[in-house]
$ cat structure.csv   # CSV, C-alpha atoms
chain,number,residue,atom,x,y,z
A,1,MET,CA,13.9,10.8,-2.2
A,2,GLY,CA,12.2,8.2,-4.5
A,3,LEU,CA,8.9,10.1,-4.3
A,4,ALA,CA,10.6,13.4,-4.9
A,5,ARG,CA,12.3,12.0,-8.0
A,6,MET,CA,8.9,11.2,-9.4
A,7,GLY,CA,7.9,14.8,-9.0
A,8,ALA,CA,5.7,14.4,-6.0
A,9,LYS,CA,5.1,17.2,-3.5
A,10,VAL,CA,6.6,15.5,-0.4
A,11,VAL,CA,5.9,16.4,3.3
A,12,MET,CA,8.6,14.8,5.5
A,13,VAL,CA,7.8,14.2,9.2
A,14,CYS,CA,10.8,14.2,11.5
A,15,ARG,CA,11.3,14.5,15.2
A,16,ASP,CA,14.7,16.2,15.0
A,17,ALA,CA,14.6,19.6,13.3
A,18,VAL,CA,18.4,19.8,12.6
A,19,LYS,CA,18.5,16.3,11.0
A,20,GLY,CA,15.2,16.9,9.2
A,21,GLU,CA,16.4,20.1,7.7
A,22,ALA,CA,19.6,18.5,6.5
A,23,ALA,CA,17.6,15.6,4.9
A,24,GLN,CA,15.2,18.1,3.3
A,25,LYS,CA,18.1,20.1,1.8
A,26,LEU,CA,19.8,16.9,0.5
A,27,ILE,CA,16.6,15.5,-1.1
A,28,ALA,CA,15.9,18.8,-2.9
A,29,GLU,CA,19.5,19.0,-4.1
A,30,LYS,CA,19.7,15.4,-5.3
A,31,THR,CA,16.3,15.3,-7.0
A,32,GLY,CA,15.9,18.9,-8.2
A,33,ASN,CA,12.5,18.9,-6.6
A,34,LYS,CA,12.0,22.0,-4.4
A,35,SER,CA,8.6,20.9,-3.2
A,36,VAL,CA,9.9,19.1,-0.2
A,37,GLU,CA,8.4,20.3,3.1
A,38,LEU,CA,9.3,19.5,6.7
A,39,MET,CA,7.0,19.1,9.6
A,40,ILE,CA,8.3,18.3,13.1
A,41,ALA,CA,6.5,15.7,15.3
A,42,ASP,CA,7.4,13.1,17.9
A,43,LEU,CA,5.5,9.8,17.4
A,44,ALA,CA,6.1,9.0,21.1
A,45,SER,CA,3.4,11.6,21.8
A,46,LEU,CA,-0.2,11.4,20.8
A,47,ALA,CA,-0.6,15.1,21.4
A,48,SER,CA,2.3,15.7,18.9
A,49,VAL,CA,0.6,13.5,16.3
A,50,ARG,CA,-2.7,15.4,16.7
A,51,ALA,CA,-0.8,18.7,16.3
A,52,LEU,CA,0.9,17.3,13.2
A,53,ALA,CA,-2.4,16.3,11.6
A,54,GLN,CA,-3.9,19.7,12.4
A,55,ARG,CA,-0.9,21.5,10.8
A,56,PHE,CA,-1.1,19.4,7.7
A,57,LYS,CA,-4.8,20.1,7.3
A,58,GLU,CA,-4.3,23.8,7.8
A,59,THR,CA,-1.8,23.9,4.9
A,60,HIS,CA,-2.9,21.1,2.5
A,61,ASP,CA,-6.2,20.1,1.1
A,62,LYS,CA,-5.0,17.0,-0.7
A,63,LEU,CA,-3.2,13.8,0.3
A,64,HIS,CA,-2.6,11.0,-2.2
A,65,ILE,CA,0.0,8.9,-0.4
A,66,LEU,CA,0.5,8.4,3.3
A,67,VAL,CA,3.5,6.3,4.2
A,68,ASN,CA,3.7,5.2,7.9
A,69,ASN,CA,7.4,4.4,8.2
A,70,ALA,CA,8.7,5.3,11.6
A,71,GLY,CA,10.0,2.4,13.7
A,72,LEU,CA,12.3,1.5,16.5
A,73,ILE,CA,13.3,-1.3,18.9
A,74,MET,CA,14.0,-0.5,22.5
A,75,GLY,CA,16.5,-2.4,24.7
A,76,LYS,CA,14.4,-1.8,27.8
A,77,ARG,CA,10.9,-0.8,28.7
A,78,ILE,CA,10.4,2.9,28.5
A,79,VAL,CA,7.0,4.5,29.1
A,80,THR,CA,6.0,7.6,27.1
A,81,ALA,CA,4.2,10.7,28.4
A,82,ASP,CA,0.9,8.9,27.3
A,83,ASN,CA,1.8,6.1,29.8
A,84,MET,CA,2.4,3.6,27.0
A,85,GLU,CA,5.3,1.4,26.1
A,86,THR,CA,7.4,3.3,23.5
A,87,THR,CA,7.7,0.5,20.9
A,88,PHE,CA,3.9,0.0,20.8
A,89,GLU,CA,3.2,3.7,20.6
A,90,VAL,CA,5.8,4.7,18.0
A,91,ASN,CA,5.7,1.7,15.7
A,92,TYR,CA,1.9,1.3,15.7
A,93,LEU,CA,-0.5,3.4,17.7
A,94,SER,CA,0.7,6.8,16.5
A,95,HIS,CA,0.5,5.5,12.9
A,96,PHE,CA,-3.1,4.4,13.7
A,97,LEU,CA,-4.0,7.8,15.1
A,98,LEU,CA,-2.3,9.8,12.3
A,99,THR,CA,-4.1,7.7,9.7
A,100,MET,CA,-7.5,8.2,11.4
A,101,LEU,CA,-7.0,11.9,11.6
A,102,LEU,CA,-6.1,12.2,7.9
A,103,LEU,CA,-8.7,9.8,6.5
A,104,ASP,CA,-11.0,12.5,5.5
A,105,VAL,CA,-8.3,14.2,3.4
A,106,LEU,CA,-7.3,10.8,1.9
A,107,LYS,CA,-10.9,10.1,1.0
A,108,ALA,CA,-11.4,13.5,-0.6
A,109,SER,CA,-8.2,13.0,-2.6
A,110,ALA,CA,-9.1,9.5,-3.9
A,111,PRO,CA,-7.7,7.5,-5.5
A,112,SER,CA,-5.2,7.6,-2.7
A,113,ARG,CA,-3.0,5.0,-0.9
A,114,ILE,CA,-1.8,4.2,2.7
A,115,VAL,CA,1.4,2.2,3.0
A,116,ASN,CA,2.2,0.7,6.4
A,117,VAL,CA,5.8,-0.3,6.6
A,118,SER,CA,5.7,-3.5,8.7
A,119,SER,CA,8.2,-6.4,8.9
A,120,ASP,CA,8.5,-10.2,8.5
A,121,ALA,CA,9.1,-10.0,12.3
A,122,HIS,CA,5.3,-10.0,12.4
A,123,TYR,CA,5.4,-13.8,11.8
A,124,SER,CA,6.9,-14.1,15.3
A,125,GLY,CA,4.4,-11.7,16.8
A,126,LYS,CA,1.5,-12.3,19.1
A,127,MET,CA,-1.1,-9.8,20.3
A,128,ASN,CA,-1.1,-9.9,24.1
A,129,PHE,CA,-4.4,-8.0,24.7
A,130,GLU,CA,-4.1,-8.6,28.4
A,131,ASP,CA,-0.8,-6.7,28.5
A,132,LEU,CA,-0.3,-4.7,25.3
A,133,GLN,CA,2.1,-2.3,27.2
A,134,GLU,CA,4.4,-5.1,28.3
A,135,GLU,CA,4.2,-4.3,32.0
A,136,THR,CA,5.3,-7.8,32.8
A,137,GLY,CA,8.1,-9.7,31.2
A,138,PHE,CA,9.3,-7.1,28.7
A,139,SER,CA,11.3,-8.3,25.8
A,140,ALA,CA,12.7,-6.0,23.1
A,141,MET,CA,12.0,-8.5,20.3
A,142,LYS,CA,8.6,-9.6,21.6
A,143,SER,CA,7.5,-6.0,21.8
A,144,TYR,CA,8.8,-5.2,18.3
A,145,CYS,CA,7.2,-8.3,16.7
A,146,GLN,CA,3.9,-7.4,18.4
A,147,SER,CA,4.0,-3.9,17.0
A,148,LYS,CA,4.7,-5.2,13.5
A,149,LEU,CA,1.9,-7.7,13.7
A,150,ALA,CA,-0.4,-4.9,14.9
A,151,GLN,CA,0.4,-3.0,11.7
A,152,VAL,CA,-0.6,-5.9,9.5
A,153,LEU,CA,-3.8,-6.5,11.4
A,154,PHE,CA,-4.5,-2.7,11.2
A,155,THR,CA,-4.0,-2.9,7.4
A,156,HIS,CA,-6.4,-5.9,7.1
A,157,GLU,CA,-9.1,-4.2,9.1
A,158,LEU,CA,-8.7,-0.7,7.5
A,159,ALA,CA,-9.0,-2.1,4.0
A,160,LYS,CA,-12.4,-3.6,4.9
A,161,LYS,CA,-13.6,-0.3,6.4
A,162,LEU,CA,-12.3,1.7,3.3
A,163,GLU,CA,-14.0,-0.5,0.7
A,164,GLY,CA,-15.6,1.6,-2.0
A,165,THR,CA,-13.8,4.8,-1.0
A,166,GLY,CA,-11.0,4.7,-3.5
A,167,VAL,CA,-8.5,4.6,-0.7
A,168,THR,CA,-6.3,1.4,-0.8
A,169,VAL,CA,-4.0,0.2,2.0
A,170,TYR,CA,-0.8,-2.0,1.9
A,171,ALA,CA,1.4,-3.5,4.5
A,172,VAL,CA,5.0,-4.1,3.3
A,173,HIS,CA,8.2,-5.8,4.4
A,174,PRO,CA,11.0,-3.6,3.1
A,175,GLY,CA,13.8,-6.1,3.9
A,176,VAL,CA,16.4,-5.8,6.6
A,177,VAL,CA,17.7,-2.4,5.9
A,178,ARG,CA,21.0,-0.7,6.8
A,179,THR,CA,19.9,2.3,8.7
A,180,HIS,CA,20.2,3.5,12.3
A,181,TRP,CA,17.3,1.2,13.3
A,182,GLY,CA,18.4,-0.7,16.4
A,183,ASP,CA,20.6,2.0,18.0
A,184,GLU,CA,18.2,2.0,21.0
A,185,GLY,CA,18.1,-1.8,21.2
A,186,GLY,CA,20.5,-2.3,24.1
A,187,ALA,CA,22.3,-5.6,23.9
A,188,MET,CA,20.3,-6.6,20.9
A,189,GLY,CA,21.3,-3.4,19.2
A,190,VAL,CA,25.0,-4.5,19.4
A,191,GLY,CA,24.1,-7.5,17.3
A,192,ILE,CA,22.1,-5.4,14.9
A,193,ARG,CA,25.1,-3.1,14.4
A,194,LEU,CA,27.4,-6.0,13.8
A,195,ALA,CA,25.0,-7.4,11.1
A,196,ARG,CA,24.7,-4.1,9.2
A,197,PRO,CA,27.3,-4.9,6.6
A,198,PHE,CA,25.0,-7.8,5.5
A,199,MET,CA,21.9,-5.7,5.3
A,200,ILE,CA,20.4,-4.1,2.1
A,201,SER,CA,20.8,-0.4,1.3
A,202,PRO,CA,18.0,2.2,2.1
A,203,GLU,CA,17.6,2.5,-1.7
A,204,LYS,CA,16.7,-1.2,-2.0
A,205,GLY,CA,14.6,-1.1,1.1
A,206,ALA,CA,12.5,1.7,-0.3
A,207,GLN,CA,11.6,-0.2,-3.5
A,208,THR,CA,8.6,-2.1,-2.2
A,209,PRO,CA,7.1,0.8,-0.3
A,210,LEU,CA,7.6,3.0,-3.4
A,211,TYR,CA,6.0,0.3,-5.6
A,212,THR,CA,2.9,-0.1,-3.4
A,213,ALA,CA,2.6,3.7,-3.1
A,214,THR,CA,2.8,4.6,-6.8
A,215,SER,CA,2.6,1.6,-9.2
A,216,PRO,CA,-0.5,1.4,-11.4
A,217,ASP,CA,0.0,-2.4,-11.2
A,218,VAL,CA,-1.4,-2.5,-7.7
A,219,ALA,CA,-4.3,0.0,-8.2
A,220,GLY,CA,-7.4,-1.4,-6.6
A,221,ILE,CA,-5.6,-4.1,-4.6
A,222,THR,CA,-6.0,-3.5,-0.9
A,223,GLY,CA,-5.4,-5.1,2.5
A,224,LYS,CA,-2.5,-7.3,1.3
A,225,TYR,CA,1.0,-7.9,2.6
A,226,TRP,CA,3.9,-7.3,0.2
A,227,GLU,CA,7.6,-8.1,-0.1
A,228,LYS,CA,10.0,-7.6,-3.1
A,229,LYS,CA,7.1,-6.0,-5.0
A,230,LYS,CA,5.0,-9.2,-4.7
A,231,GLU,CA,2.0,-10.2,-2.6
A,232,LYS,CA,3.0,-12.5,0.2
A,233,GLU,CA,0.9,-14.5,2.6
A,234,PRO,CA,1.2,-13.0,6.1
A,235,SER,CA,1.0,-14.9,9.3
A,236,LYS,CA,-2.1,-16.8,10.2
A,237,GLU,CA,-2.7,-14.4,13.1
A,238,ALA,CA,-2.4,-11.4,10.8
A,239,GLY,CA,-5.4,-12.6,8.9
A,240,ASN,CA,-7.5,-13.2,12.0
A,241,ASP,CA,-10.7,-11.1,11.6
A,242,GLU,CA,-11.6,-11.3,15.2
A,243,GLU,CA,-8.2,-10.1,16.4
A,244,ALA,CA,-8.2,-7.3,13.8
A,245,THR,CA,-11.6,-6.1,15.0
A,246,GLN,CA,-10.5,-6.3,18.7
A,247,LEU,CA,-7.3,-4.4,18.0
A,248,TRP,CA,-9.2,-1.7,16.2
A,249,GLY,CA,-11.5,-1.3,19.2
A,250,VAL,CA,-8.6,-1.2,21.7
A,251,SER,CA,-6.6,1.2,19.5
A,252,SER,CA,-9.5,3.6,19.0
A,253,LYS,CA,-9.9,3.8,22.8
A,254,LEU,CA,-6.2,4.3,23.5
A,255,ALA,CA,-5.8,6.9,20.7
A,256,GLY,CA,-9.1,8.7,21.6
A,257,VAL,CA,-10.7,8.5,18.2
$ encode --input "structure.csv" --output "structure tokens"
Amino acid sequence: MGLARMGAKVVMVCRDAVKGEAAQKLIAEKTGNKSVELMIADLASLASVRALAQRFKETHDKLHILVNNAGLIMGKRIVTADNMETTFEVNYLSHFLLTMLLLDVLKASAPSRIVNVSSDAHYSGKMNFEDLQEETGFSAMKSYCQSKLAQVLFTHELAKKLEGTGVTVYAVHPGVVRTHWGDEGGAMGVGIRLARPFMISPEKGAQTPLYTATSPDVAGITGKYWEKKKEKEPSKEAGNDEEATQLWGVSSKLAGV
């Protein structure tokens, strides 16, 4: 809605067509912007992500802002059709794949920006390269924190690889936002729902992603972690060049790019 209010042509990606169409209609009505499109995809499927990228390229030749925003926390270990733990695939790997598939359009549209919506949960994260899919000792919070750390490491490495292209990349903590995040969180989800009255609104949560996506103040700044419209020092592990490179290699293999 924030992007639409600025007059942007917005392409929403939703996995539920009925809810997506309702959101699309609401955004158009509230902003007066009729250039709000809807594409359906499920980030728990790499094939669906590939089909999404192909559909986008068939209908658009420019992309100035890519916001990787989908996220969930699972109360139990559920494996996707790609034989991956759902949190890892939805929160991180599908974003990695979509970004890779759209990089050529982003470069051709430069100056352009990539915003990875991460979380301060990454400070508690640790990359377990021996068991990325949490086959042993699954923990909802451990899996979530690892996926958010992966996003910051990805941002760190991607910024280096995009140097000189005019494409900048940002990792952001939006705050703890009052949405339906946590509904799949099992016992932890109960606690999340109880805490919702104390969380910030979606409007406030969108401020830092919108700022990094559009503000001229951050033009040319890349690879940094942001909160409340300010740069913030990420965890020590998030700045580990060796881990960032290792994650890139593993992710490329898992995503098939």
$ closest_residue --input "structure.csv" --among "A:Val152, A:Val218, A:Leu38, A:Val167" --to "Gln24 of chain A" --atoms "only C-alpha atoms"
A:Leu38
$ closest_residue --input "structure.csv" --among "A:Glu29, A:Gly2, A:Phe154, A:Met84" --to "Pro202 of chain A" --atoms "all atoms listed in the file"
A:Gly2
$ atom_distance --input "structure.csv" --atom1 "atom CA of Ser124 of chain A" --atom2 "atom CA of Val49 of chain A"
28.3 Å
$ closest_residue --input "structure.csv" --among "A:Ala255, A:Val117, A:Ala8, A:Met39" --to "Ala70 of chain A" --atoms "all atoms listed in the file"
A:Val117
$ atom_distance --input "structure.csv" --atom1 "atom CA of Glu37 of chain A" --atom2 "atom CA of Leu52 of chain A"
12.9 Å
$ residues_around --input "structure.csv" --residues "Leu132 of chain A" --least-positions-apart "2" --cutoff "10 Å" --atoms "all atoms listed in the file" --output "ChimeraX atom specification"
/A:84-85,88,126-130,134-136,143,146-147,250
$ write_last_selection --input "structure.csv" --atoms "C-alpha atoms" --output "short mmCIF file (atom, residue, chain, number, x, y, z; two decimals), keeping the file's coordinate frame"
data_model
loop_
_atom_site.label_atom_id
_atom_site.label_comp_id
_atom_site.auth_asym_id
_atom_site.auth_seq_id
_atom_site.Cartn_x
_atom_site.Cartn_y
_atom_site.Cartn_z
CA MET A 84 2.40 3.60 27.00
CA GLU A 85 5.30 1.40 26.10
CA PHE A 88 3.90 0.00 20.80
CA LYS A 126 1.50 -12.30 19.10
CA MET A 127 -1.10 -9.80 20.30
CA ASN A 128 -1.10 -9.90 24.10
CA PHE A 129 -4.40 -8.00 24.70
CA GLU A 130 -4.10 -8.60 28.40
CA GLU A 134 4.40 -5.10 28.30
CA GLU A 135 4.20 -4.30 32.00
CA THR A 136 5.30 -7.80 32.80
CA SER A 143 7.50 -6.00 21.80
CA GLN A 146 3.90 -7.40 18.40
CA SER A 147 4.00 -3.90 17.00
CA VAL A 250 -8.60 -1.20 21.70
#
$ closest_residue --input "structure.csv" --among "A:Leu101, A:Ala53, A:Tyr92, A:Pro174" --to "Ser201 of chain A" --atoms "all atoms listed in the file"
A:Pro174
$ atom_distance --input "structure.csv" --atom1 "atom CA of Ala121 of chain A" --atom2 "atom CA of Ala41 of chain A"
26.0 Å
$ closest_residue --input "structure.csv" --among "A:Gly125, A:Gly205, A:Gly223, A:Gly137" --to "Glu163 of chain A" --atoms "all atoms listed in the file"
A:Gly223
$ closest_residue --input "structure.csv" --among "A:Ile40, A:Gly7, A:Ser119, A:Tyr170" --to "Glu21 of chain A" --atoms "only C-alpha atoms"
A:Ile40
$ residues_near_point --input "structure.csv" --point "(10.7, 2.8, 14.6)" --cutoff "7 Å" --atoms "only C-alpha atoms" --output "NGL selection string"
:A and (70-73 or 90-91 or 181)
$ residues_around --input "structure.csv" --residues "Tyr123 of chain A" --least-positions-apart "4" --cutoff "9 Å" --atoms "only C-alpha atoms" --output "MDAnalysis selection string"
chainID A and resid 119 145 148:149 234:238
$ decode --input "structure.csv" --residues "segment 43-55 of chain A" --atoms "N, CA and C atoms" --output "tab-separated table (two decimals), in the first residue's frame"
chain	number	residue	atom	x	y	z
A	43	LEU	N	5.79	-20.03	-2.07
A	43	LEU	CA	7.23	-20.05	-1.80
A	43	LEU	C	7.69	-21.32	-1.11
A	44	ALA	N	6.77	-22.24	-0.86
A	44	ALA	CA	7.15	-23.56	-0.36
A	44	ALA	C	7.42	-24.51	-1.53
A	45	SER	N	7.54	-23.94	-2.72
A	45	SER	CA	7.80	-24.73	-3.92
A	45	SER	C	8.75	-23.98	-4.83
A	46	LEU	N	9.93	-24.56	-5.09
A	46	LEU	CA	10.89	-23.92	-5.98
A	46	LEU	C	10.35	-23.87	-7.41
A	47	ALA	N	9.57	-24.87	-7.80
A	47	ALA	CA	8.97	-24.87	-9.14
A	47	ALA	C	8.00	-23.70	-9.28
A	48	SER	N	7.25	-23.41	-8.22
A	48	SER	CA	6.32	-22.28	-8.25
A	48	SER	C	7.07	-20.96	-8.35
A	49	VAL	N	8.21	-20.85	-7.66
A	49	VAL	CA	9.03	-19.64	-7.73
A	49	VAL	C	9.57	-19.45	-9.14
A	50	ARG	N	10.02	-20.53	-9.76
A	50	ARG	CA	10.53	-20.45	-11.13
A	50	ARG	C	9.42	-20.02	-12.10
A	51	ALA	N	8.22	-20.56	-11.91
A	51	ALA	CA	7.09	-20.19	-12.77
A	51	ALA	C	6.74	-18.72	-12.57
A	52	LEU	N	6.83	-18.25	-11.32
A	52	LEU	CA	6.56	-16.84	-11.02
A	52	LEU	C	7.53	-15.93	-11.75
A	53	ALA	N	8.81	-16.24	-11.66
A	53	ALA	CA	9.82	-15.42	-12.32
A	53	ALA	C	9.60	-15.39	-13.84
A	54	GLN	N	9.25	-16.53	-14.38
A	54	GLN	CA	9.01	-16.60	-15.82
A	54	GLN	C	7.80	-15.75	-16.22
A	55	ARG	N	6.71	-15.84	-15.42
A	55	ARG	CA	5.52	-15.04	-15.72
A	55	ARG	C	5.83	-13.56	-15.64
